[in-house]
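Text of run-v5.cif, listed as mmCIF, C-alpha atoms:
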data_coords
loop_
_atom_site.label_atom_id
_atom_site.label_comp_id
_atom_site.auth_asym_id
_atom_site.auth_seq_id
_atom_site.Cartn_x
_atom_site.Cartn_y
_atom_site.Cartn_z
CA MET A 60 34.06 -14.60 -101.15
CA VAL A 61 34.62 -15.62 -97.60
CA ASP A 62 37.06 -13.56 -95.68
CA ASN A 63 39.27 -16.07 -93.82
CA GLU A 64 41.05 -13.39 -91.90
CA VAL A 65 40.40 -13.76 -88.17
CA ARG A 66 39.68 -10.54 -86.48
CA SER A 67 41.22 -10.15 -83.03
CA ALA A 68 39.68 -8.16 -80.16
CA PRO A 69 41.32 -4.91 -79.31
CA THR A 70 43.89 -5.36 -76.60
CA THR A 71 45.02 -3.20 -73.74
CA PRO A 72 48.73 -2.74 -73.32
CA ARG A 73 50.35 -4.63 -70.41
CA GLY A 74 50.29 -2.78 -67.18
CA ARG A 75 47.15 -0.93 -68.28
CA SER A 76 43.59 -1.51 -67.01
CA LYS A 77 40.21 0.06 -67.38
CA VAL A 78 38.51 2.14 -64.74
CA TYR A 79 34.74 2.47 -65.24
CA GLY A 80 35.16 1.42 -68.89
CA LYS A 81 37.96 3.86 -69.66
CA VAL A 82 41.62 3.15 -70.03
CA ARG A 83 43.34 4.57 -66.95
CA SER A 84 46.58 6.37 -67.20
CA GLY A 85 49.83 4.95 -65.88
CA GLY A 86 51.24 1.47 -65.86
CA SER A 87 51.30 0.53 -62.15
CA PRO A 88 48.98 -2.18 -60.79
CA VAL A 89 45.64 -1.17 -59.32
CA ARG A 90 45.82 -0.87 -55.50
CA PRO A 91 42.88 -1.49 -53.19
CA LEU A 92 41.09 1.53 -51.73
CA PRO A 93 42.37 2.73 -48.35
CA GLY A 94 40.50 1.20 -45.40
CA SER A 95 39.25 -1.76 -47.43
CA GLY A 96 41.37 -4.18 -45.42
CA PHE A 97 42.82 -5.80 -48.55
CA SER A 98 46.05 -3.86 -48.77
CA PRO A 99 49.03 -5.88 -47.57
CA ASP A 100 50.81 -2.66 -46.62
CA GLU A 101 47.88 -1.10 -44.68
CA PRO A 102 47.48 -2.04 -40.96
CA LYS A 103 44.10 -3.59 -40.10
CA ALA A 104 41.71 -1.44 -38.03
CA PRO A 105 40.89 -2.93 -34.61
CA ARG A 106 37.58 -4.83 -34.57
CA LYS A 107 34.76 -3.05 -32.69
CA PRO A 108 33.69 -4.75 -29.46
CA ARG A 109 30.34 -5.86 -30.86
CA ARG A 110 30.41 -9.20 -29.14
CA ILE A 111 30.95 -7.63 -25.70
CA GLY A 112 28.09 -5.20 -26.21
CA ARG A 113 25.84 -7.98 -27.44
CA LYS A 114 26.63 -10.07 -24.37
CA ILE A 115 25.83 -7.14 -22.10
CA LEU A 116 22.47 -6.62 -23.82
CA ILE A 117 21.64 -10.30 -23.63
CA GLY A 118 22.60 -10.40 -19.95
CA LEU A 119 20.45 -7.34 -19.22
CA ALA A 120 17.49 -8.85 -21.07
CA VAL A 121 17.83 -12.12 -19.14
CA PHE A 122 18.02 -10.19 -15.86
CA LEU A 123 14.88 -8.20 -16.67
CA VAL A 124 13.00 -11.35 -17.66
CA LEU A 125 14.04 -13.07 -14.41
CA LEU A 126 13.04 -9.97 -12.45
CA LEU A 127 9.64 -9.92 -14.14
CA VAL A 128 9.11 -13.63 -13.53
CA ALA A 129 10.14 -13.24 -9.88
CA GLY A 130 7.79 -10.28 -9.48
CA VAL A 131 4.83 -12.14 -10.97
CA ALA A 132 5.59 -15.25 -8.94
CA GLY A 133 5.99 -13.15 -5.80
CA TYR A 134 2.68 -11.41 -6.46
CA PHE A 135 0.76 -14.69 -6.72
CA TRP A 136 2.67 -16.20 -3.79
CA ILE A 137 1.89 -13.28 -1.48
CA SER A 138 -1.68 -13.06 -2.76
CA SER A 139 -2.17 -16.73 -1.92
CA LYS A 140 -1.30 -15.98 1.71
CA MET A 141 -3.91 -13.26 2.09
CA SER A 142 -7.05 -14.30 3.92
CA ASN A 143 -10.50 -13.11 2.94
CA VAL A 144 -13.41 -12.30 5.20
CA GLU A 145 -16.98 -11.82 4.04
CA ALA A 146 -17.81 -8.29 5.12
CA PHE A 147 -20.58 -7.15 2.77
CA THR A 148 -24.19 -8.07 2.33
CA ASP A 149 -26.94 -6.75 0.10
CA TYR A 150 -29.94 -5.34 1.90
CA ASP A 151 -32.82 -3.04 1.12
CA GLY A 152 -31.75 0.58 1.26
CA ARG A 153 -28.02 -0.07 1.02
CA PRO A 154 -26.26 3.17 -0.07
CA ALA A 155 -25.31 3.42 -3.72
CA ALA A 156 -21.67 3.55 -4.78
CA THR A 157 -20.11 6.96 -4.18
CA PRO A 158 -17.08 8.68 -5.76
CA GLY A 159 -13.65 7.72 -4.47
CA GLN A 160 -12.83 4.71 -2.29
CA ASP A 161 -14.09 4.05 1.22
CA TRP A 162 -12.34 1.63 3.56
CA LEU A 163 -13.56 0.30 6.90
CA LEU A 164 -10.42 -0.40 8.95
CA VAL A 165 -10.90 -2.60 11.98
CA GLY A 166 -8.43 -3.52 14.68
CA SER A 167 -9.58 -6.48 16.75
CA ASP A 168 -8.30 -7.69 20.10
CA SER A 169 -7.78 -11.19 18.73
CA ARG A 170 -4.84 -13.04 20.29
CA ALA A 171 -4.79 -15.58 17.47
CA GLY A 172 -1.25 -16.61 16.55
CA LEU A 173 0.26 -15.41 19.83
CA SER A 174 1.92 -17.92 22.14
CA ALA A 175 1.45 -17.77 25.91
CA ALA A 176 4.92 -16.20 26.21
CA GLN A 177 4.06 -13.56 23.61
CA ARG A 178 0.79 -12.73 25.35
CA ARG A 179 2.68 -12.22 28.61
CA LYS A 180 5.35 -10.09 26.91
CA LEU A 181 2.80 -7.93 25.11
CA ALA A 182 0.46 -7.76 28.13
CA THR A 183 -2.53 -8.70 25.98
CA GLY A 184 -4.26 -10.83 28.61
CA LYS A 185 -6.01 -14.15 28.02
CA ALA A 186 -9.38 -13.05 26.63
CA VAL A 187 -10.82 -15.54 24.17
CA GLY A 188 -12.66 -14.70 20.98
CA LYS A 189 -12.29 -11.26 19.51
CA ARG A 190 -13.91 -7.87 19.68
CA THR A 191 -13.35 -4.68 17.74
CA ASP A 192 -10.84 -2.47 19.49
CA THR A 193 -10.44 0.11 16.70
CA MET A 194 -12.75 1.24 13.91
CA MET A 195 -11.88 3.89 11.34
CA LEU A 196 -13.44 4.99 8.07
CA LEU A 197 -10.92 6.04 5.43
CA HIS A 198 -12.09 8.02 2.40
CA ILE A 199 -9.71 8.29 -0.55
CA PRO A 200 -10.94 10.95 -3.00
CA GLU A 201 -11.26 10.31 -6.69
CA GLY A 202 -9.09 13.30 -7.61
CA ASP A 203 -6.00 14.82 -6.03
CA GLY A 204 -7.62 15.83 -2.75
CA ARG A 205 -6.44 14.74 0.68
CA PRO A 206 -7.74 11.48 2.14
CA THR A 207 -9.85 11.69 5.29
CA LEU A 208 -9.43 9.26 8.20
CA VAL A 209 -12.37 9.25 10.63
CA SER A 210 -12.34 7.45 13.97
CA LEU A 211 -15.61 5.76 14.90
CA PRO A 212 -15.64 5.51 18.72
CA ARG A 213 -16.36 1.91 19.68
CA ASP A 214 -18.80 3.10 22.39
CA SER A 215 -20.88 5.05 19.86
CA TYR A 216 -24.55 4.41 20.68
CA LEU A 217 -26.21 3.56 17.36
CA PRO A 218 -29.08 1.55 15.88
CA ILE A 219 -27.98 -1.99 14.95
CA ASN A 220 -30.20 -3.93 12.58
CA GLY A 221 -32.12 -6.61 14.51
CA HIS A 222 -30.67 -5.59 17.88
CA GLY A 223 -32.14 -2.20 18.73
CA SER A 224 -29.57 0.40 19.76
CA ASP A 225 -26.24 -0.51 21.30
CA LYS A 226 -22.54 0.28 21.21
CA LEU A 227 -20.96 0.13 17.76
CA ASN A 228 -18.54 -2.64 18.71
CA ALA A 229 -21.53 -4.76 19.75
CA ALA A 230 -22.45 -5.00 16.07
CA TYR A 231 -19.31 -7.05 15.50
CA ALA A 232 -20.08 -9.24 18.51
CA PHE A 233 -23.65 -9.82 17.26
CA GLY A 234 -22.96 -10.46 13.57
CA GLY A 235 -19.26 -10.17 12.75
CA PRO A 236 -17.88 -8.04 9.92
CA LYS A 237 -21.10 -8.16 7.88
CA LEU A 238 -23.26 -6.60 10.56
CA LEU A 239 -20.55 -4.12 11.53
CA THR A 240 -20.16 -2.95 7.94
CA ARG A 241 -23.92 -2.69 7.47
CA THR A 242 -24.24 -0.65 10.67
CA VAL A 243 -21.53 1.77 9.53
CA GLU A 244 -23.12 2.11 6.09
CA GLU A 245 -26.58 2.76 7.52
CA VAL A 246 -25.50 5.44 9.98
CA THR A 247 -23.08 7.23 7.64
CA GLY A 248 -24.87 6.86 4.30
CA ILE A 249 -21.57 5.78 2.72
CA ARG A 250 -21.14 2.49 0.89
CA VAL A 251 -17.97 0.71 2.04
CA ASP A 252 -15.76 -0.51 -0.84
CA HIS A 253 -13.03 -2.33 1.09
CA TYR A 254 -12.82 -3.94 4.52
CA MET A 255 -9.56 -4.69 6.33
CA GLU A 256 -9.12 -6.27 9.75
CA ILE A 257 -6.01 -6.95 11.81
CA GLY A 258 -5.42 -8.53 15.21
CA PHE A 259 -2.80 -7.91 17.90
CA GLY A 260 -0.26 -10.37 16.46
CA GLY A 261 -0.47 -8.91 12.96
CA PHE A 262 -0.17 -5.41 14.37
CA VAL A 263 3.14 -6.24 16.02
CA GLY A 264 4.47 -8.12 12.98
CA ILE A 265 3.87 -5.27 10.54
CA VAL A 266 5.53 -2.68 12.78
CA ASP A 267 8.59 -4.90 13.29
CA ALA A 268 8.75 -5.67 9.53
CA ILE A 269 9.32 -1.99 8.73
CA GLY A 270 11.90 -1.58 11.47
CA GLY A 271 9.67 0.22 13.95
CA VAL A 272 7.82 3.50 13.63
CA GLU A 273 8.47 6.98 15.01
CA ILE A 274 5.76 8.26 17.35
CA CYS A 275 5.73 11.51 19.31
CA VAL A 276 4.37 10.94 22.82
CA LYS A 277 2.66 13.94 24.40
CA GLN A 278 3.24 12.90 28.02
CA ASP A 279 4.89 10.26 30.18
CA ILE A 280 2.83 7.05 30.14
CA GLN A 281 3.30 4.19 32.57
CA ASP A 282 0.79 1.36 32.18
CA ASP A 283 1.54 -2.15 33.43
CA LYS A 284 -1.65 -3.51 31.83
CA ALA A 285 -0.46 -2.32 28.40
CA GLY A 286 3.16 -3.25 29.12
CA ILE A 287 4.63 0.23 28.51
CA ASP A 288 6.70 2.83 30.35
CA LEU A 289 7.10 5.73 27.91
CA LYS A 290 8.68 9.14 28.31
CA LYS A 291 7.41 12.28 26.64
CA GLY A 292 8.96 13.00 23.24
CA CYS A 293 9.46 11.48 19.79
CA GLN A 294 10.85 7.96 19.72
CA ILE A 295 11.10 4.82 17.57
CA MET A 296 8.70 2.14 18.82
CA ASP A 297 8.86 -1.56 18.04
CA GLY A 298 5.70 -3.57 17.55
CA GLY A 299 5.13 -4.46 21.18
CA THR A 300 5.63 -0.92 22.43
CA ALA A 301 3.42 0.55 19.71
CA LEU A 302 0.66 -1.92 20.58
CA GLY A 303 0.75 -0.82 24.21
CA PHE A 304 0.76 2.83 23.14
CA VAL A 305 -2.48 2.56 21.15
CA ARG A 306 -4.21 0.34 23.77
CA THR A 307 -3.49 2.24 26.96
CA ARG A 308 -6.28 4.07 28.80
CA LYS A 309 -3.95 5.92 31.16
CA THR A 310 -4.23 9.32 29.49
CA GLY A 311 -6.82 12.06 29.18
CA ALA A 312 -10.01 12.87 31.02
CA ILE A 313 -11.90 10.65 28.55
CA PRO A 314 -9.41 7.83 27.85
CA ASP A 315 -11.21 6.33 24.84
CA PHE A 316 -11.09 9.67 22.99
CA ASP A 317 -7.35 9.83 23.55
CA ARG A 318 -7.09 6.26 22.29
CA THR A 319 -8.83 7.08 19.01
CA GLU A 320 -6.46 10.01 18.47
CA ARG A 321 -3.43 7.80 19.12
CA GLN A 322 -4.80 5.12 16.81
CA ARG A 323 -5.10 7.58 13.93
CA GLN A 324 -1.65 8.97 14.70
CA PHE A 325 -0.15 5.49 14.73
CA PHE A 326 -1.95 4.26 11.61
CA SER A 327 -0.84 7.30 9.62
CA ALA A 328 2.77 6.87 10.74
CA VAL A 329 2.88 3.15 9.91
CA VAL A 330 1.30 3.47 6.47
CA LYS A 331 3.49 6.42 5.49
CA LYS A 332 6.66 4.54 6.41
CA ALA A 333 5.47 1.34 4.74
CA ALA A 334 4.79 3.25 1.50
CA SER A 335 8.04 5.22 1.56
CA PRO A 336 10.69 4.56 -1.15
CA GLY A 337 13.17 3.53 1.54
CA THR A 338 10.87 0.66 2.47
CA LEU A 339 9.39 -0.30 -0.89
CA LEU A 340 12.70 -0.27 -2.80
CA ASN A 341 14.57 -2.22 -0.13
CA PRO A 342 13.86 -5.95 -0.54
CA PHE A 343 15.06 -6.61 3.01
CA SER A 344 12.14 -4.53 4.30
CA SER A 345 9.55 -4.69 1.51
CA VAL A 346 9.46 -8.50 1.27
CA PRO A 347 9.04 -9.10 5.05
CA LEU A 348 6.45 -6.31 5.10
CA ALA A 349 4.47 -7.84 2.24
CA LEU A 350 4.56 -11.28 3.84
CA SER A 351 3.63 -9.94 7.27
CA ALA A 352 0.78 -7.88 5.87
CA ALA A 353 -0.51 -10.79 3.78
CA GLU A 354 -0.48 -13.16 6.73
CA SER A 355 -1.74 -10.64 9.29
CA VAL A 356 -4.69 -8.88 7.71
CA ALA A 357 -8.04 -10.19 6.57
CA VAL A 358 -9.63 -8.32 3.69
CA SER A 359 -12.92 -8.40 1.84
CA PRO A 360 -13.00 -10.50 -1.35
CA GLY A 361 -11.77 -8.51 -4.32
CA THR A 362 -9.33 -6.51 -2.22
CA GLY A 363 -5.79 -7.33 -3.29
CA ILE A 364 -2.18 -6.27 -2.97
CA PHE A 365 -2.55 -3.34 -5.36
CA ASP A 366 -5.50 -2.03 -3.34
CA LEU A 367 -3.37 -2.14 -0.19
CA LEU A 368 -0.58 -0.37 -2.04
CA SER A 369 -2.94 2.35 -3.24
CA LEU A 370 -4.11 2.77 0.35
CA GLY A 371 -0.52 3.24 1.47
CA LEU A 372 0.28 5.73 -1.29
CA ALA A 373 -2.90 7.70 -0.52
CA MET A 374 -1.96 7.94 3.15
CA LYS A 375 1.32 9.60 2.16
CA GLY A 376 -0.73 12.60 1.04
CA ASN A 377 -1.03 14.15 4.51
CA PRO A 378 -4.57 12.93 5.29
CA VAL A 379 -7.14 14.87 7.25
CA THR A 380 -7.64 13.04 10.55
CA THR A 381 -10.70 13.49 12.71
CA ALA A 382 -13.27 11.72 14.86
CA VAL A 383 -17.03 11.76 14.61
CA PRO A 384 -18.29 14.90 16.41
CA VAL A 385 -19.64 13.96 19.84
CA GLY A 386 -22.83 15.42 21.27
CA SER A 387 -23.07 13.85 24.74
CA LEU A 388 -21.74 11.07 26.98
CA PRO A 389 -24.77 9.61 28.75
CA THR A 390 -25.13 6.38 30.71
CA ILE A 391 -27.73 4.05 29.18
CA ASN A 392 -28.67 0.70 30.72
CA GLY A 393 -25.74 1.03 33.08
CA GLN A 394 -23.24 1.60 30.26
CA ALA A 395 -21.28 4.77 29.52
CA VAL A 396 -21.89 5.47 25.82
CA VAL A 397 -21.07 8.08 23.21
CA LYS A 398 -23.83 9.91 21.35
CA TRP A 399 -22.89 11.71 18.16
CA ASP A 400 -23.68 15.32 17.37
CA ASN A 401 -26.03 14.34 14.56
CA THR A 402 -26.00 17.73 12.83
CA LYS A 403 -22.21 17.86 12.58
CA ALA A 404 -21.86 14.14 11.93
CA ASN A 405 -24.28 14.35 9.00
CA LYS A 406 -22.34 17.31 7.64
CA LEU A 407 -19.11 15.31 7.87
CA PHE A 408 -20.44 12.19 6.14
CA GLU A 409 -22.31 14.14 3.46
CA ALA A 410 -19.02 15.78 2.46
CA LEU A 411 -17.33 12.37 2.17
CA GLU A 412 -20.29 10.93 0.29
CA GLN A 413 -20.04 13.75 -2.26
CA ASP A 414 -16.23 13.44 -2.43
CA LYS A 415 -15.79 16.97 -1.10
CA PRO A 416 -13.38 18.36 1.53
CA VAL A 417 -14.65 18.06 5.08
CA PRO A 418 -15.79 21.42 6.51
CA LYS A 419 -13.36 22.71 9.11
CA ASP A 420 -16.07 23.30 11.70
CA VAL A 421 -16.75 19.56 12.00
CA ILE A 422 -13.13 18.43 12.32
CA THR A 423 -12.35 17.32 15.84
CA LYS A 424 -9.84 15.28 17.78
#

Output the file's structure as structure tokens, nothing else.
Amino acid sequence: MVDNEVRSAPTTPRGRSKVYGKVRSGGSPVRPLPGSGFSPDEPKAPRKPRRIGRKILIGLAVFLVLLLVAGVAGYFWISSKMSNVEAFTDYDGRPAATPGQDWLLVGSDSRAGLSAAQRRKLATGKAVGKRTDTMMLLHIPEGDGRPTLVSLPRDSYLPINGHGSDKLNAAYAFGGPKLLTRTVEEVTGIRVDHYMEIGFGGFVGIVDAIGGVEICVKQDIQDDKAGIDLKKGCQIMDGGTALGFVRTRKTGAIPDFDRTERQRQFFSAVVKKAASPGTLLNPFSSVPLALSAAESVAVSPGTGIFDLLSLGLAMKGNPVTTAVPVGSLPTINGQAVVKWDNTKANKLFEALEQDKPVPKDVITK
């Protein structure tokens, strides 16, 4: 027999509801949880400034990308302005690579890029062509040791391949940077890794780009040929004055020895200031410096901006400065020349070749 009675589902009294499957007590309506934002009686919490923070992050990211792009573009732009000079050649008996980095730094008396008015102002004369006015060997050690900057007197009487014996600066006149570098390598036993050359105009431009350089002058110097009238004491020199300071022969019993000392003093001061945070982090000085350096110096192929920067940072480490020990000052073929003290000179260059500190007994002015 079919039961026609319809069964109805159990009902919940009005005003009652279930909570997690159980009948809750009380008859009032269910209210939203506090803080849910659905209660008409509860004030809404202020919205967090997510959009502002997101905009700041996006702006910062865009700025960093633009900075990176500008830096990369600037690197290639400045690199494109650097000029290269072939300074190395392979030859039988060339020294093998040695620890650390070795730079041959050459200052020439080239007037290239200087107008007639600038030559008169800087008292550089009218000489044509170019000769080496300054030659220094810089050794940067592989570890944390101090760099060593060695002046190579331009009148050093040395064997020059294919030309007998002559003054060191004659090697440049005979065969340019290649023969000069080979001569230095053969007499020192050190393989040169980087070559850098700068003329008078570039010299002045770099000094002016960093806002001058402080030099301490040991005595009053008045030299019309160099265009200077300096008083004893420390002073800030602009490019023209600094050029006259390193060129003058008006001091010392042996003027060229005094010149090499001043050249090392000046080079150290310029590189230290150029590599200082105050210069590198200031775009109004770092950008003109980079442009001036790129347009003023000629470097061996493979030598780039980062190599120049590493040179500058190394020179901040209080380098040892010295000249090749001198044995005698004879006159040969009517020319006053400089002969090295071979024993001490060999001791000096062997230390650099082995990346060791230079013995104190061979350090000289």

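With all atoms listed in the file as the atoms that count, the residue of A:Ala156, A:Arg250, A:Thr307, A:Lys424 with the shortest distance to Asp283 (chain A) is A:Thr307.
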
For this session: Name all residues at most 12 Å from region 387-397 of chain A (count all atoms listed in the file; drop same-chain ones fewer than 6 positions away) and give them as number ranges by chain.
Result: A: 211-217, 224-229, 313, 315-316

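For the point (-12.5, 7.8, 3.0) in file coordinates, the residues within 8 Å, using all atoms listed in the file, are Gly159, Gln160, Asp161, Trp162, Leu196, Leu197, His198, Ile199, Pro200, Pro206, Thr207, Leu208, Val209 and Leu411 of chain A.
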
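CA of Gly223 (chain A) to CA of Arg323 (chain A) spans 29.2 Å [interatomic distance, one decimal].
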
For this session: Return as a list in words the set of residues that the PyMOL selection byres ((chain A and resi 422) around 8) yields on the displayed structure.
Result: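 Applying the PyMOL selection byres ((chain A and resi 422) around 8) to the structure shown produces Thr380, Thr381, Ala382, Pro384, Val417, Pro418, Lys419, Asp420, Val421, Thr423 and Lys424 of chain A.
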
Exercise. Evaluating the PyMOL selection byres ((chain A and resi 236-238) around 12) on the displayed file yields which residues, as a ChimeraX atom specification?
Worked result: /A:143-150,163-167,189-191,194,218-222,227-235,239-245,251,253-256,357-359
